[in-house]
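Next comes model34.txt, with compact mmCIF, C-alpha atoms and all ligand atoms.
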```
# COMPACT_ATOMS: atom_id res chain seq x y z
CA MET O 1 0.00 0.00 0.00
CA ALA O 2 1.38 3.37 -0.96
CA VAL O 3 1.86 6.20 1.49
CA ASP O 4 -1.19 8.45 1.47
CA GLU O 5 0.25 11.84 2.38
CA GLU O 6 -3.03 13.67 2.38
CA PHE O 7 -4.52 11.19 4.83
CA ILE O 8 -1.49 11.40 7.12
CA ILE O 9 -1.58 15.20 7.19
CA GLU O 10 -5.28 15.21 7.86
CA GLN O 11 -4.94 12.80 10.77
CA LEU O 12 -1.97 14.56 12.33
CA THR O 13 -3.27 18.11 12.09
CA LYS O 14 -6.50 17.25 13.87
CA ALA O 15 -4.99 17.54 17.32
CA ASP O 16 -3.87 20.91 18.67
CA LEU O 17 -0.45 20.54 20.21
CA ILE O 18 -0.70 22.68 23.32
CA GLY O 19 1.03 22.87 26.69
CA ASP O 20 -0.24 20.75 29.59
CA GLU O 21 -0.81 22.03 33.14
CA ARG O 22 2.97 22.43 33.54
CA GLY O 23 3.20 24.38 30.30
CA LEU O 24 5.02 21.62 28.45
CA ILE O 25 4.14 19.94 25.16
CA SER O 26 5.22 16.34 25.36
CA PHE O 27 5.46 14.80 21.92
CA PHE O 28 6.59 11.20 21.59
CA GLY O 29 9.43 11.42 24.08
CA THR O 30 10.56 14.98 23.35
CA TYR O 31 9.32 18.39 24.38
CA LEU O 32 8.08 20.79 21.74
CA THR O 33 7.35 24.48 21.63
CA GLN O 34 5.19 26.37 19.19
CA ILE O 35 7.05 29.45 18.03
CA TYR O 36 6.06 32.19 15.63
CA ALA O 37 7.97 31.76 12.38
CA ASP O 38 8.80 35.47 12.56
CA PHE O 39 10.74 34.85 15.74
CA SER O 40 12.83 31.94 14.42
CA ASN O 41 13.55 33.69 11.14
CA LYS O 42 14.40 37.15 12.43
CA MET O 43 16.43 35.81 15.32
CA PHE O 44 18.66 33.69 13.16
CA PHE O 45 19.01 36.03 10.17
CA ARG O 46 19.87 38.99 12.41
CA PHE O 47 22.43 36.94 14.27
CA GLN O 48 23.93 35.74 11.02
CA LYS O 49 24.17 39.26 9.60
CA ALA O 50 26.09 40.36 12.70
CA LEU O 51 28.87 37.85 11.96
CA THR O 52 31.76 38.22 9.53
CA PRO O 53 31.10 36.57 6.13
CA HIS O 54 33.03 33.36 6.72
CA LEU O 55 31.42 32.89 10.12
CA GLN O 56 28.00 33.48 8.57
CA LYS O 57 28.49 30.27 6.69
CA ALA O 58 29.58 28.44 9.84
CA ALA O 59 26.48 29.65 11.67
CA GLY O 60 24.26 28.38 8.85
CA VAL O 61 25.92 24.98 9.09
CA LEU O 62 25.39 24.94 12.86
CA LEU O 63 21.70 25.72 12.45
CA ALA O 64 21.26 23.04 9.80
CA ASN O 65 23.04 20.58 12.10
CA ALA O 66 20.74 21.51 14.97
CA VAL O 67 17.72 20.70 12.87
CA GLN O 68 19.24 17.51 11.46
CA GLU O 69 19.67 16.29 15.02
CA CYS O 70 16.22 17.50 16.04
CA GLY O 71 14.57 15.71 13.14
CA TYR O 72 16.57 12.57 13.80
CA PHE O 73 15.66 12.19 17.47
CA THR O 74 12.15 13.60 17.43
CA PHE O 75 11.03 11.60 14.42
CA ARG O 76 12.62 8.46 15.80
CA GLY O 77 10.46 8.85 18.90
CA PHE O 78 7.47 9.14 16.66
CA ILE O 79 8.38 6.07 14.60
CA ASP O 80 8.75 4.00 17.78
CA SER O 81 5.33 4.98 19.11
CA PRO O 82 2.12 2.94 18.93
CA ASP O 83 0.43 5.93 17.27
CA TRP O 84 2.86 5.76 14.38
CA GLU O 85 2.21 2.05 14.00
CA ALA O 86 -1.53 2.59 14.02
CA LEU O 87 -1.46 5.42 11.50
CA MET O 88 1.47 4.60 9.25
CA GLY O 89 2.04 0.88 9.82
CA PRO O 90 -0.36 -0.37 7.14
CA MET O 91 1.13 2.00 4.55
CA ILE O 92 4.79 1.18 5.08
CA ASP O 93 6.42 -1.85 3.52
CA THR O 94 9.78 -0.53 2.41
CA ASP O 95 12.39 2.03 3.46
CA GLU O 96 11.18 4.21 0.61
CA ASP O 97 7.64 4.16 2.02
CA MET O 98 9.15 5.19 5.34
CA LEU O 99 10.88 8.17 3.75
CA TYR O 100 7.67 9.31 2.08
CA ALA O 101 5.82 8.96 5.38
CA LEU O 102 8.46 11.10 7.11
CA VAL O 103 8.14 13.78 4.44
CA ALA O 104 4.40 13.77 5.14
CA LEU O 105 5.22 14.22 8.81
CA CYS O 106 7.45 17.23 8.03
CA ASN O 107 4.54 18.72 6.16
CA VAL O 108 2.58 18.87 9.41
CA PHE O 109 4.94 21.23 11.25
CA GLY O 110 4.38 24.36 9.22
CA VAL O 111 7.69 24.62 7.41
CA GLY O 112 6.17 24.83 3.92
CA LYS O 113 5.05 22.22 1.42
CA LEU O 114 7.82 19.70 0.79
CA LYS O 115 7.71 17.38 -2.21
CA VAL O 116 10.01 14.50 -3.09
CA LYS O 117 11.66 15.09 -6.45
CA GLU O 118 14.06 12.16 -6.57
CA LEU O 119 14.96 9.22 -4.37
CA ILE O 120 17.76 6.74 -4.96
CA PRO O 121 17.41 4.35 -2.03
CA GLY O 122 20.29 4.63 0.41
CA GLU O 123 22.15 7.13 -1.73
CA ARG O 124 20.42 10.28 -2.80
CA PHE O 125 17.33 12.26 -1.99
CA VAL O 126 16.14 15.49 -3.56
CA CYS O 127 13.17 17.45 -2.27
CA VAL O 128 11.72 20.81 -3.23
CA THR O 129 9.37 23.43 -1.89
CA TYR O 130 7.81 26.51 -3.42
CA ASN O 131 6.94 28.11 -0.08
CA SER O 132 9.76 27.59 2.37
CA ILE O 133 8.90 29.59 5.46
CA GLU O 134 12.55 30.56 5.86
CA ALA O 135 12.88 31.96 2.34
CA ASP O 136 9.64 33.88 2.96
CA GLY O 137 11.05 35.19 6.24
CA TYR O 138 14.31 36.20 4.62
CA LEU O 139 12.67 38.08 1.76
CA LYS O 140 10.37 39.87 4.21
CA GLU O 141 13.40 41.46 5.90
CA TYR O 142 16.13 41.66 3.27
CA ASP O 143 16.86 42.01 -0.43
CA LYS O 144 17.74 38.99 -2.51
CA SER O 145 20.49 36.92 -0.90
CA ASP O 146 23.66 35.72 -2.61
CA LYS O 147 23.32 32.35 -0.89
CA SER O 148 20.64 29.85 0.06
CA GLN O 149 18.92 30.58 3.38
CA CYS O 150 16.73 27.61 4.30
CA TYR O 151 18.88 26.02 6.98
CA THR O 152 16.00 24.31 8.76
CA LEU O 153 14.87 22.43 5.69
CA THR O 154 18.45 21.62 4.74
CA GLY O 155 19.02 19.96 8.11
CA LEU O 156 15.64 18.30 8.15
CA SER O 157 16.07 16.63 4.76
CA ALA O 158 19.44 15.17 5.82
CA GLY O 159 17.94 14.01 9.13
CA LEU O 160 15.25 12.02 7.30
CA MET O 161 17.85 10.15 5.25
CA ASP O 162 19.89 9.48 8.43
CA LEU O 163 16.83 7.90 9.99
CA VAL O 164 15.85 5.73 7.08
CA TYR O 165 19.20 4.74 5.60
CA GLY O 166 21.76 5.62 8.31
CA ARG O 167 23.37 3.22 10.76
CA GLU O 168 21.17 1.79 13.46
CA PHE O 169 19.66 4.36 15.84
CA PRO O 170 21.20 6.34 17.56
CA HIS O 171 24.42 5.97 15.53
CA GLY O 172 23.03 7.04 12.19
CA LEU O 173 23.07 10.80 12.75
CA ASN O 174 25.21 12.63 10.14
CA THR O 175 25.46 9.65 7.79
CA PHE O 176 24.05 12.05 5.21
CA GLU O 177 24.61 15.70 4.41
CA ALA O 178 22.37 18.11 2.54
CA ILE O 179 22.97 21.15 0.36
CA GLU O 180 20.34 23.64 -0.67
CA THR O 181 21.11 23.93 -4.37
CA LYS O 182 18.30 26.36 -5.24
CA CYS O 183 16.64 28.89 -2.97
CA ARG O 184 13.89 31.44 -3.42
CA ALA O 185 15.84 33.76 -1.11
CA LYS O 186 18.46 34.05 -3.86
CA GLY O 187 15.94 34.43 -6.65
CA ASP O 188 15.27 30.85 -7.70
CA GLU O 189 11.74 29.79 -8.41
CA TYR O 190 11.78 27.18 -5.64
CA CYS O 191 14.07 25.78 -2.96
CA GLU O 192 15.79 22.47 -3.64
CA PHE O 193 17.63 20.26 -1.17
CA VAL O 194 20.03 17.57 -2.34
CA VAL O 195 21.01 14.92 0.22
CA LYS O 196 24.00 12.62 -0.29
CA ARG O 197 26.18 10.41 1.87
CA ALA O 198 28.42 12.59 4.03
CA THR O 199 32.00 12.86 2.88
CA PHE O 200 33.67 13.58 6.23
CA MET K 1 -8.78 34.53 32.15
CA LYS K 2 -7.85 31.97 29.49
CA TYR K 3 -5.97 32.59 26.28
CA VAL K 4 -8.05 31.62 23.24
CA PHE K 5 -5.84 29.42 21.07
CA GLU K 6 -6.84 29.42 17.42
CA ARG K 7 -4.76 27.22 15.21
CA GLU K 8 -5.43 26.65 11.55
CA PHE K 9 -3.64 24.44 9.11
CA ASP K 10 -3.44 25.70 5.54
CA LYS K 11 -3.70 22.55 3.44
CA GLU K 12 -2.63 24.23 0.23
CA LYS K 13 0.66 25.43 1.65
CA ASN K 14 1.19 23.21 4.68
CA ILE K 15 1.52 26.29 6.85
CA VAL K 16 0.33 26.50 10.46
CA ARG K 17 -1.17 29.74 11.69
CA ILE K 18 -1.77 30.51 15.32
CA ASN K 19 -4.11 33.42 15.86
CA GLY K 20 -3.43 34.44 12.28
CA LYS K 21 0.39 34.26 12.39
CA ALA K 22 2.61 31.62 10.80
CA ALA K 23 4.09 29.34 13.47
CA ILE K 24 6.35 26.31 13.56
CA GLY K 25 6.86 23.48 16.00
CA HIS K 26 10.40 23.24 17.40
CA CYS K 27 11.70 20.44 19.60
CA GLN K 28 14.03 20.61 22.58
CA TYR K 29 17.03 19.50 20.50
CA TYR K 30 16.59 22.48 18.24
CA ASN K 31 15.81 24.96 21.01
CA THR K 32 18.83 24.02 23.13
CA LEU K 33 21.28 23.88 20.24
CA ILE K 34 20.12 27.25 18.92
CA LEU K 35 20.75 28.81 22.32
CA LYS K 36 24.20 27.24 22.40
CA THR K 37 24.91 28.57 18.90
CA MET K 38 23.83 32.05 20.03
CA GLU K 39 26.52 32.11 22.69
CA SER K 40 29.24 30.44 20.63
CA PHE K 41 30.48 33.42 18.66
CA GLY K 42 32.18 35.54 21.32
CA TYR K 43 32.25 38.91 19.61
CA VAL K 44 28.56 38.89 18.69
CA ASP K 45 26.09 38.79 21.57
CA GLY K 46 23.72 36.27 20.01
CA LEU K 47 21.71 35.83 23.20
CA LYS K 48 20.99 39.57 23.26
CA ILE K 49 19.71 39.35 19.67
CA TYR K 50 17.66 36.30 20.63
CA GLU K 51 16.10 38.18 23.58
CA GLU K 52 15.38 41.29 21.51
CA VAL K 53 13.69 39.35 18.74
CA ALA K 54 11.67 37.43 21.34
CA GLU K 55 10.43 40.78 22.65
CA GLU K 56 9.66 42.06 19.17
CA ALA K 57 7.81 38.99 17.90
CA ASN K 58 5.85 38.39 21.10
CA ARG K 59 5.02 42.06 21.52
CA GLU K 60 3.40 42.12 18.09
CA ALA K 61 1.53 38.87 18.72
CA PHE K 62 0.31 39.89 22.17
CA SER K 63 -0.73 43.40 21.09
CA ASP K 64 -2.66 41.94 18.16
CA TYR K 65 -4.34 39.49 20.51
CA LEU K 66 -5.45 42.29 22.84
CA LYS K 67 -6.79 44.24 19.88
CA ASN K 68 -8.76 41.25 18.64
CA HIS K 69 -10.06 40.37 22.12
CA PRO K 70 -11.64 43.53 23.55
CA GLU K 71 -13.08 41.45 26.38
CA VAL K 72 -9.61 41.40 27.96
CA VAL K 73 -9.71 44.69 29.85
CA SER K 74 -8.24 44.65 33.35
CA LEU K 75 -4.55 44.39 34.12
CA ASP K 76 -5.14 41.08 35.90
CA ASP K 77 -6.94 39.65 32.90
CA LYS K 78 -4.19 40.75 30.52
CA LEU K 79 -1.54 39.19 32.71
CA SER K 80 -3.40 35.93 33.08
CA VAL K 81 -3.92 35.75 29.31
CA ALA K 82 -0.18 36.36 28.86
CA SER K 83 0.67 33.54 31.29
CA ASP K 84 -1.82 31.20 29.66
CA MET K 85 -0.49 31.99 26.18
CA TYR K 86 3.01 31.20 27.43
CA ARG K 87 1.79 27.88 28.83
CA THR K 88 -0.17 27.02 25.69
CA PHE K 89 2.87 27.44 23.45
CA GLY K 90 4.84 24.98 25.58
CA PHE K 91 7.34 27.41 27.11
CA GLY K 92 6.41 26.54 30.71
CA LEU K 93 4.67 28.53 33.46
CA ILE K 94 5.10 32.19 34.39
CA GLU K 95 3.46 34.22 37.14
CA PHE K 96 3.50 38.01 37.32
CA SER K 97 3.33 40.05 40.54
CA ASP K 98 3.80 43.69 41.64
CA VAL K 99 3.09 44.81 38.10
CA ASP K 100 2.81 48.46 37.18
CA GLU K 101 4.16 50.75 34.50
CA LYS K 102 7.52 50.90 36.24
CA GLY K 103 8.19 47.17 36.37
CA ALA K 104 7.25 43.81 37.79
CA LYS K 105 8.39 40.65 39.49
CA VAL K 106 8.00 37.39 37.63
CA VAL K 107 8.63 33.77 38.53
CA ALA K 108 8.70 30.76 36.24
CA PRO K 109 8.14 27.54 38.17
CA VAL K 110 8.59 25.57 34.91
CA SER K 111 10.83 26.57 31.99
CA HIS K 112 11.10 24.51 28.81
CA PHE K 113 14.39 26.22 28.00
CA ALA K 114 16.06 25.77 31.40
CA LEU K 115 14.83 22.22 31.97
CA THR K 116 15.87 20.92 28.57
CA TRP K 117 19.24 22.67 28.75
CA LYS K 118 20.03 21.20 32.18
CA LYS K 119 18.92 17.75 31.09
CA ARG K 120 21.11 17.88 28.01
CA TRP K 121 24.27 19.64 29.14
CA GLY K 122 24.06 19.89 32.91
CA LYS K 123 24.08 22.91 35.21
CA ARG K 124 24.95 26.33 33.86
CA SER K 125 26.78 29.08 35.66
CA ALA K 126 24.55 31.78 34.10
CA PRO K 127 20.80 31.91 33.36
CA ILE K 128 19.46 30.74 29.98
CA CYS K 129 15.83 31.92 29.77
CA TYR K 130 16.42 34.62 27.15
CA PHE K 131 13.18 33.81 25.35
CA THR K 132 11.27 34.32 28.59
CA LYS K 133 13.05 37.62 29.23
CA GLY K 134 11.96 38.87 25.82
CA TYR K 135 8.46 37.55 26.40
CA ILE K 136 8.11 39.35 29.72
CA ALA K 137 9.35 42.65 28.25
CA ALA K 138 6.88 42.15 25.38
CA VAL K 139 3.93 41.66 27.73
CA LEU K 140 4.70 44.76 29.78
CA SER K 141 5.37 47.01 26.82
CA ALA K 142 2.20 45.80 25.10
CA ILE K 143 0.04 46.30 28.19
CA PHE K 144 1.40 49.76 29.03
CA ASP K 145 1.75 50.74 25.38
CA LYS K 146 5.46 51.50 25.59
CA PRO K 147 7.86 51.23 22.67
CA PHE K 148 10.14 48.27 22.10
CA GLY K 149 13.08 48.23 24.50
CA SER K 150 11.32 50.06 27.33
CA TYR K 151 11.88 47.36 29.93
CA GLU K 152 14.99 45.67 31.22
CA VAL K 153 14.45 42.13 32.43
CA LYS K 154 17.02 40.45 34.68
CA GLU K 155 16.94 36.76 35.41
CA LEU K 156 18.10 36.37 38.99
CA ASP K 157 17.59 32.62 39.52
CA CYS K 158 17.36 29.96 36.83
CA ILE K 159 16.40 26.29 36.89
CA SER K 160 19.32 25.66 34.52
CA MET K 161 21.67 26.79 37.32
CA GLY K 162 20.13 24.39 39.81
CA ASP K 163 17.67 26.87 41.30
CA ARG K 164 14.20 25.61 42.13
CA ILE K 165 12.45 28.17 39.96
CA CYS K 166 13.41 30.92 37.54
CA ARG K 167 13.00 34.40 38.95
CA PHE K 168 12.97 37.68 37.04
CA GLU K 169 12.97 41.34 37.91
CA VAL K 170 11.67 43.91 35.45
CA ARG K 171 12.27 47.64 35.48
CA ARG K 172 11.41 50.49 33.17
CA ILE K 173 14.46 51.97 31.47
ZN ZN L 301 15.38 28.24 0.26
```
Full structure transcribed into structure tokens:
Amino acid sequence: MAVDEEFIIEQLTKADLIGDERGLISFFGTYLTQIYADFSNKMFFRFQKALTPHLQKAAGVLLANAVQECGYFTFRGFIDSPDWEALMGPMIDTDEDMLYALVALCNVFGVGKLKVKELIPGERFVCVTYNSIEADGYLKEYDKSDKSQCYTLTGLSAGLMDLVYGREFPHGLNTFEAIETKCRAKGDEYCEFVVKRATF
Amino acid sequence: MKYVFEREFDKEKNIVRINGKAAIGHCQYYNTLILKTMESFGYVDGLKIYEEVAEEANREAFSDYLKNHPEVVSLDDKLSVASDMYRTFGFGLIEFSDVDEKGAKVVAPVSHFALTWKKRWGKRSAPICYFTKGYIAAVLSAIFDKPFGSYEVKELDCISMGDRICRFEVRRI
């Protein structure tokens, strides 16, 4: 049975994720916060602009790494849960199904609409979005950038490949690395993320 | 008084809006590592930027909320909505006291940021609740209609340092 993304999104966006009586949102073994996209975008872009050019790149890599790790651990918790089994279990036969299901999961968090463009099992994964929330945020504050700016989606796409095709959990983190090859922040029509096995 | 949480999911774009504004879910791994990144580049005070943007973004959101909810009138109601909004978003619990135009005292018995930091990297020697500091400044400046940057918030105790609760002092600058 193929992965039915629309069904997954519909099921997962039914519940409001809100803080409990202690003000915490417990989500499959991790704690989440809801944050205005404006905050995340402005905070990081302003910080980045304050750095010298070569450190700006380093900061972008750090942010992408943060998200790669976040995606890796948070989504693993989800995969291990009975809820995942109930919702996704019947749809998933192969690793490729798993990757498509994870992309559907990303599409629940409000980062923009991600679509798989290419998948070579275990080797290469390309995904695209026409409405990355980071590119939107960047263009709201600044003129066209000379480099790609969607660090969250860069990290996230690598984290998904780590989970599906990396070494056994928790040793698979950073098996893959991603590059944003096209970005709306630098004038491209859409953002494109290419994930390959890490070279380091 | 409760905060009215209105979340919509835009199926066309896969965008989440909370009370009309785009929002994203972030997990503890992201939140803690971002804070660490903010303090990793010595010559740029990333945590200050983080706090300022927290004030800016939350001030706008909270002011808009008050505009759209004219039933929230008294100071006590505004403060309880602010605390409930903070709780709803998963940041933890905050309680305001001695609030007037000149400042306030605030405690946070639960802090997402401090708890997850301590769990991940152990005790800190300095406070970490920069988001909360910005949030508190945002609430006061929105309620008393003061411009951005009107309040200085100091975190005196922090759960990340091993204190039982986080404690803040606010004064008008
Ligand atoms: Zn982009």
Could you tell me how far CA of Asp45 (chain K) lies from CA of Gly23 (chain O), in Å and to one decimal?
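It comes out at 28.4 Å.
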Selection within 6 Å of ligand ZN 301 (chain L) by only C-alpha atoms and all ligand atoms, output as number ranges by chain:
O: 135, 148-150, 183-185, 191
Where does chain O meet chain K within 8 Å, residue by residue, with the nearest atom pair and distance in Å to one decimal for each, counting all atoms listed in the file, listed by chain and rising number, as JSON lines?
```
{"residue": "O:Thr13", "atom": "CA", "partner": "K:Phe9", "partner_atom": "CA", "distance": 7.0}
{"residue": "O:Asp16", "atom": "CA", "partner": "K:Arg7", "partner_atom": "CA", "distance": 7.3}
{"residue": "O:Ile18", "atom": "CA", "partner": "K:Thr88", "partner_atom": "CA", "distance": 5.0}
{"residue": "O:Gly19", "atom": "CA", "partner": "K:Thr88", "partner_atom": "CA", "distance": 4.4}
{"residue": "O:Asp20", "atom": "CA", "partner": "K:Thr88", "partner_atom": "CA", "distance": 7.4}
{"residue": "O:Glu21", "atom": "CA", "partner": "K:Arg87", "partner_atom": "CA", "distance": 7.7}
{"residue": "O:Arg22", "atom": "CA", "partner": "K:Gly92", "partner_atom": "CA", "distance": 6.1}
{"residue": "O:Gly23", "atom": "CA", "partner": "K:Gly92", "partner_atom": "CA", "distance": 3.9}
{"residue": "O:Leu24", "atom": "CA", "partner": "K:Gly90", "partner_atom": "CA", "distance": 4.4}
{"residue": "O:Ile25", "atom": "CA", "partner": "K:Gly90", "partner_atom": "CA", "distance": 5.1}
{"residue": "O:Thr30", "atom": "CA", "partner": "K:Gln28", "partner_atom": "CA", "distance": 6.7}
{"residue": "O:Tyr31", "atom": "CA", "partner": "K:Gln28", "partner_atom": "CA", "distance": 5.5}
{"residue": "O:Leu32", "atom": "CA", "partner": "K:Cys27", "partner_atom": "CA", "distance": 4.2}
{"residue": "O:Thr33", "atom": "CA", "partner": "K:Gly90", "partner_atom": "CA", "distance": 4.7}
{"residue": "O:Gln34", "atom": "CA", "partner": "K:Gly25", "partner_atom": "CA", "distance": 4.6}
{"residue": "O:Ile35", "atom": "CA", "partner": "K:Ala23", "partner_atom": "CA", "distance": 5.4}
{"residue": "O:Tyr36", "atom": "CA", "partner": "K:Ala23", "partner_atom": "CA", "distance": 4.1}
{"residue": "O:Ala37", "atom": "CA", "partner": "K:Ala23", "partner_atom": "CA", "distance": 4.7}
{"residue": "O:Asp38", "atom": "CA", "partner": "K:Ala57", "partner_atom": "CA", "distance": 6.5}
{"residue": "O:Phe39", "atom": "CA", "partner": "K:Ala57", "partner_atom": "CA", "distance": 5.5}
{"residue": "O:Lys42", "atom": "CA", "partner": "K:Val53", "partner_atom": "CA", "distance": 6.7}
{"residue": "O:Met43", "atom": "CA", "partner": "K:Tyr50", "partner_atom": "CA", "distance": 5.5}
{"residue": "O:Phe44", "atom": "CA", "partner": "K:Tyr50", "partner_atom": "CA", "distance": 8.0}
{"residue": "O:Arg46", "atom": "CA", "partner": "K:Ile49", "partner_atom": "CA", "distance": 7.3}
{"residue": "O:Phe47", "atom": "CA", "partner": "K:Gly46", "partner_atom": "CA", "distance": 5.9}
{"residue": "O:Ala50", "atom": "CA", "partner": "K:Val44", "partner_atom": "CA", "distance": 6.6}
{"residue": "O:Leu51", "atom": "CA", "partner": "K:Val44", "partner_atom": "CA", "distance": 6.8}
{"residue": "O:Ala59", "atom": "CA", "partner": "K:Thr37", "partner_atom": "CA", "distance": 7.5}
{"residue": "O:Leu62", "atom": "CA", "partner": "K:Thr37", "partner_atom": "CA", "distance": 7.1}
{"residue": "O:Leu63", "atom": "CA", "partner": "K:Ile34", "partner_atom": "CA", "distance": 6.8}
{"residue": "O:Ala66", "atom": "CA", "partner": "K:Tyr30", "partner_atom": "CA", "distance": 5.4}
{"residue": "O:Val67", "atom": "CA", "partner": "K:Tyr30", "partner_atom": "CA", "distance": 5.8}
{"residue": "O:Glu69", "atom": "CA", "partner": "K:Tyr29", "partner_atom": "CA", "distance": 6.9}
{"residue": "O:Cys70", "atom": "CA", "partner": "K:Tyr29", "partner_atom": "CA", "distance": 5.0}
{"residue": "O:Thr74", "atom": "CA", "partner": "K:Cys27", "partner_atom": "CA", "distance": 7.2}
{"residue": "O:Asn107", "atom": "CA", "partner": "K:Asn14", "partner_atom": "CA", "distance": 5.8}
{"residue": "O:Val108", "atom": "CA", "partner": "K:Asn14", "partner_atom": "CA", "distance": 6.6}
{"residue": "O:Phe109", "atom": "CA", "partner": "K:Gly25", "partner_atom": "CA", "distance": 5.6}
{"residue": "O:Gly110", "atom": "CA", "partner": "K:Ile15", "partner_atom": "CA", "distance": 4.2}
{"residue": "O:Val111", "atom": "CA", "partner": "K:Ile15", "partner_atom": "CA", "distance": 6.4}
{"residue": "O:Gly112", "atom": "CA", "partner": "K:Asn14", "partner_atom": "CA", "distance": 5.3}
{"residue": "O:Lys113", "atom": "CA", "partner": "K:Asn14", "partner_atom": "CA", "distance": 5.1}
{"residue": "O:Asn131", "atom": "CA", "partner": "K:Lys13", "partner_atom": "CA", "distance": 7.0}
```
Calculated over all atoms listed in the file, which of the candidates O:Phe27, O:Gly77, O:Leu102, O:Leu173 has the smallest distance to Asp4 (chain O)?
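The closest residue to Asp4 (chain O) is O:Leu102.
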I'd like the interatomic distance between CA of Ile9 (chain O) and CA of Asp136 (chain O), to a tenth of an Å.
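Between these atoms lies a distance of 22.2 Å.
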Counting all atoms listed in the file, I want the residues whose atoms come within 9 Å of (0.8, 37.0, 22.0) in the file frame, returned as a list of chain:residue names.
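Final list of nearby residues, as requested, is K:Asn19, K:Ala57, K:Asn58, K:Arg59, K:Glu60, K:Ala61, K:Phe62, K:Ser63, K:Asp64, K:Tyr65, K:Leu66, K:Val81, K:Ala82, K:Met85, K:Tyr86, K:Tyr135, K:Ala138, K:Val139.
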What would the file look like if the residues just selected were written as a short mmCIF file (atom, residue, chain, number, x, y, z; two decimals), keeping the file's coordinate frame with C-alpha atoms?
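Writing done, so here's selection.cif:
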```cif
data_model
loop_
_atom_site.label_atom_id
_atom_site.label_comp_id
_atom_site.auth_asym_id
_atom_site.auth_seq_id
_atom_site.Cartn_x
_atom_site.Cartn_y
_atom_site.Cartn_z
CA ASN K 19 -4.11 33.42 15.86
CA ALA K 57 7.81 38.99 17.90
CA ASN K 58 5.85 38.39 21.10
CA ARG K 59 5.02 42.06 21.52
CA GLU K 60 3.40 42.12 18.09
CA ALA K 61 1.53 38.87 18.72
CA PHE K 62 0.31 39.89 22.17
CA SER K 63 -0.73 43.40 21.09
CA ASP K 64 -2.66 41.94 18.16
CA TYR K 65 -4.34 39.49 20.51
CA LEU K 66 -5.45 42.29 22.84
CA VAL K 81 -3.92 35.75 29.31
CA ALA K 82 -0.18 36.36 28.86
CA MET K 85 -0.49 31.99 26.18
CA TYR K 86 3.01 31.20 27.43
CA TYR K 135 8.46 37.55 26.40
CA ALA K 138 6.88 42.15 25.38
CA VAL K 139 3.93 41.66 27.73
#
```
Record the distance separating CA of Glu180 (chain O) and CA of Lys196 (chain O), expressed in Å with one decimal.
11.6 Å
Given the choices O:Gly137, O:Ala86, O:Asp188, O:Tyr72, which gets closest to Arg167 (chain O) if the distance is worked out from all atoms listed in the file?
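Comparing O:Gly137, O:Ala86, O:Asp188, O:Tyr72 against Arg167 (chain O), the winner is O:Tyr72.
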Write out as a PyMOL selection string which residues come within 12 Å of Cys127 (chain O) when counting only C-alpha atoms, dropping same-chain ones fewer than 3 positions away.
chain O and resi 99-100+103+106+112-120+124+130+132+153-154+156-158+160-161+178-183+190-195
Excluding Cys158 (chain K) and its own-chain neighbours fewer than 2 positions away, which residues fall within 12 Å of it when counting all atoms listed in the file? Please give them as a ChimeraX atom specification.
/K:106-115,117-118,123-130,132-133,154-156,160-168
So, with only C-alpha atoms as the atoms that count, which of O:Lys14, O:Phe28, O:Gly187, O:Gly60 lies closest to Ser145 (chain O)?
O:Gly187
For Pro170 (chain O), which residue among O:Glu96, O:Tyr151, O:Met91, O:Arg76 is the nearest when counting all atoms listed in the file?
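Distance minimum relative to Pro170 (chain O) lands on O:Arg76.
Candidate residues O:Gly159, O:Gly122, O:Pro82, O:Gly89 were compared for distance to Glu177 (chain O), and the nearest is O:Gly159, using only C-alpha atoms.
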